[in-house]
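Enquirer: Shown below is the structure under consideration.
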Amino acid sequence: MTFISHAAPLAACVAWAVLAPVADARPVSYAGGWTAMQLNNGDYSSLHVHYSPTAFDSVGLYVERNWSDDIQFTGLQYNRLLKRWNGPASQGNLYLKLVAGQADPFGNAGSELAGIAGFSADWETRRWFTSFETRATDFPGNQSVSHSGRFGVAPYIGDYGDLHTWLMLQVDNQPDAAEPVTTTPLIRFFKGVQMVELGYTIETEELLANWIIRF
Amino acid sequence: MKMITIAAAVLTLCLLASPALAGEEMDQSHVDHSTMDHSTHSDTVRPAPSASETTTPAASGETVTAKVNGLVCDFCAQSIRKVFGKQAAVETVKVDLDSGEVVLGMKKGQTLDDETVGKLIRKSGYALVGIERTGGA
């Protein structure tokens with residue numbers, strides 16, 4: 001584990017997250033709520049199922065199959081809502097995410113301890129959405145930091161229970177990747193407790209498909 | 001695939017430039033909500049998703065209306081519904097995202113005091129602005 005070596009870049013990311021106008025994937029639910037979220041992009045597919053004992057914390061299982069790093073990761077994830085700003089017609093959030101677990105490299109190599117740390121922040125109204133997330137991974141033989149930002153607009157505003165639609169643009173920065181900066185236009189459908197996102201990353205010609213369900 | 005990107009960008013620009021949307025945005029920021037007629041966007045005009053989301057406050061009980069900051073999406077509304085739905089004194093829960101109001105229909109002869117309502121709102125992660133009570137005499 002070499003998280004200490006990431007202290008400086010993480011501190012910079014925290015500062016960036018606080019300063020930037022940003023938004024999130026809401027890793028914390030209401031007290032007593034369960035959430036399942038699955039993310040799929042060109043680099044990895046992940047499943048995170050978590051339980052929120054309070055409206056400010058959640059803990060759960062995180063599984064990721066990472067083709068970029070040739071890793072199968074399984075771990076325990078803790079999410080903390082560090083700060084929320086509630087406005088008359090807006091909401092902003094700052095989250096901390098910590099994951100510790102075991103990474104199994106593809107092939108014959110043995111499993112090793114590994115971890116992921118992330119900060120995400122968001123700000124949204126019923127019309128506008130913006131978010132930022134930074135993620136540091138400590139996988140066997142590969143430590144990296146990546147960043148992701150989003151901007152979105154809702155073409156119409158529906159009532160509670162209606163189908164909500166968002167048009168978004170996601171920009172990712174992975175300094176170590178062959179394509180360090182990628183852009184992904186995507187569309188988000190949101191109805192009740194279910195959310196689905198579909199997108200396409202232009203530079204790498206890869207699909208993005210995410211979904212979230214709350215119980 | 002670049003066509004998809006271009007089409008999405010054009011669609012976004014068209015929607016942003018729409019006068020109707022611009023007007024809607026202006027209306028939301030300038031209209032005094034206390035004078036608004038809610039009959040046009042009442043949840044009662046569409047099917048209620050579940051029994052616990054019954055949108056018509058109880059006829060015989062007190063109605064507690066809490067003005068809340070931070071309600072911007074259906075996940076927020078769901079959180080409020082779940083938290084107040086567990087309260088024995090609460091008959092119905094309605095969340096109006098347009099006005100940022102949580103309307104609680106109380107069971108006859110029962111109520112939640114202001115302190116409890118505020119505590120539950122904050123416990124849900126939102127900010128209470130004010131409380132109004134009607135009926136229930």
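So you can find residues: chains in the structure tokens are A, B, ... in the order shown, residues in each start at 1, and ligands are numbered from 1 in order.
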Using only C-alpha atoms, find each residue of chain A with at least one atom at most 6 Å away from an atom of chain B; report its shortest atom-to-atom pair and that distance in Å (one decimal), sort the rows by chain and rising residue number, and return the result as a Markdown table.

Expert:
| residue | atom | partner | partner_atom | distance |
| --- | --- | --- | --- | --- |
| A:Tyr30 | CA | B:Ser79 | CA | 5.2 |
| A:Ala55 | CA | B:Ser124 | CA | 5.7 |
| A:Asn86 | CA | B:Gly70 | CA | 4.1 |
| A:Gly87 | CA | B:Asn69 | CA | 5.2 |
| A:Pro88 | CA | B:Asn69 | CA | 4.6 |
| A:Ser90 | CA | B:Gly70 | CA | 5.5 |
| A:Gln91 | CA | B:Gly70 | CA | 4.9 |
| A:Thr125 | CA | B:Val72 | CA | 5.8 |
| A:Arg126 | CA | B:Val72 | CA | 5.4 |
| A:Pro155 | CA | B:Leu15 | CA | 5.9 |
| A:Tyr160 | CA | B:Asp74 | CA | 5.7 |
| A:Gly192 | CA | B:Asp74 | CA | 5.6 |

Enquirer: Report as a VMD selection string: the residues of range 21-178 of chain A with a DSSP assignment of strand (DSSP E or B), based on the backbone of this structure.

Expert: chain A and resid 23 33 to 40 44 to 54 57 to 66 71 to 86 91 to 105 112 to 124 128 to 139 142 to 153 163 to 173

Enquirer: Considering only C-alpha atoms, state which residue in the set A:Leu82, A:Leu47, A:Met168, A:Val193 is at the smallest distance from Lys97 in chain A.

Expert: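 Looking only at the distances to Lys97 in chain A, the closest residue turns out to be A:Leu82.
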
Enquirer: Interatomic distance between CA of Val102 in chain B and CA of Ser29 in chain A?

Expert: 18.3 Å

Enquirer: Enter the distance from CA of Lys191 in chain A to CA of Thr165 in chain A, in Å, rounded to one decimal.

Expert: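 These atoms are spaced 8.8 Å apart.
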
Enquirer: Considering only C-alpha atoms, state which residue in the set A:Ser58, A:Ser131, A:Asn40, A:Gln143 is at the smallest distance from Gln170 in chain A.

Expert: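 Closest candidate: A:Ser131.
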
Enquirer: Considering only C-alpha atoms, return as a ChimeraX atom specification whatever protein or nucleic-acid residues lie within 6 Å of Ile212 in chain A, sequence-local ones (same chain, fewer than 3 positions apart) excluded.

Expert: /A:36-37,194-195

Enquirer: Skipping near chain neighbours, those fewer than 2 positions away, what residues fall within 6 Å of Arg188 in chain A using only C-alpha atoms, listed as a ChimeraX atom specification?

Expert: /A:165-166,196-197

Enquirer: Could you name the residues that touch range 130-134 of chain B at 6 Å or less, counting only C-alpha atoms, but leaving out those on the same chain fewer than 6 positions away, as a PyMOL selection string?

Expert: chain B and resi 62-67

Enquirer: Any chance you could export the current selection's N, CA and C atoms as a PDB file, in the first residue's frame?

Expert:
ATOM      1  N   GLU B  62     -54.377  17.072  10.871  1.00  0.00           N
ATOM      2  CA  GLU B  62     -53.636  18.305  10.637  1.00  0.00           C
ATOM      3  C   GLU B  62     -52.721  18.152   9.414  1.00  0.00           C
ATOM      4  N   THR B  63     -52.508  19.256   8.711  1.00  0.00           N
ATOM      5  CA  THR B  63     -51.557  19.267   7.599  1.00  0.00           C
ATOM      6  C   THR B  63     -50.360  20.119   7.995  1.00  0.00           C
ATOM      7  N   VAL B  64     -49.205  19.527   7.935  1.00  0.00           N
ATOM      8  CA  VAL B  64     -47.962  20.224   8.274  1.00  0.00           C
ATOM      9  C   VAL B  64     -47.164  20.420   6.991  1.00  0.00           C
ATOM     10  N   THR B  65     -46.910  21.667   6.654  1.00  0.00           N
ATOM     11  CA  THR B  65     -46.153  21.968   5.441  1.00  0.00           C
ATOM     12  C   THR B  65     -44.786  22.531   5.822  1.00  0.00           C
ATOM     13  N   ALA B  66     -43.759  21.815   5.435  1.00  0.00           N
ATOM     14  CA  ALA B  66     -42.393  22.237   5.761  1.00  0.00           C
ATOM     15  C   ALA B  66     -41.707  22.739   4.499  1.00  0.00           C
ATOM     16  N   LYS B  67     -41.214  23.946   4.567  1.00  0.00           N
ATOM     17  CA  LYS B  67     -40.419  24.499   3.463  1.00  0.00           C
ATOM     18  C   LYS B  67     -38.984  24.029   3.669  1.00  0.00           C
TER      19      LYS B  67
END

Enquirer: May I ask which of the residues A:Leu76, A:Leu186, A:Ala103, A:Ile157 is the closest one to Arg127 in chain A, counting only C-alpha atoms?

Expert: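 Between A:Leu76, A:Leu186, A:Ala103, A:Ile157, the residue approaching Arg127 in chain A most closely is A:Ile157.
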
Enquirer: Using only C-alpha atoms, can you tell me which of B:Phe84, B:Gly135, B:Val103, B:Thr92 comes closest to Ile121 in chain B?

Expert: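 Answer, going by the shortest atom-to-atom distance: B:Phe84.
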
Enquirer: To one decimal place, how far is CA of Thr204 in chain A from CA of Leu39 in chain A in Å?

Expert: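 The value is 17.0 Å.
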
Enquirer: Of the candidates A:Ala109, A:Leu81, A:Val145, A:Ala121, which one gets nearest to Val59 in chain A if we count only C-alpha atoms?

Expert: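 Of A:Ala109, A:Leu81, A:Val145, A:Ala121, the one nearest Val59 in chain A is A:Leu81, counting only C-alpha atoms.
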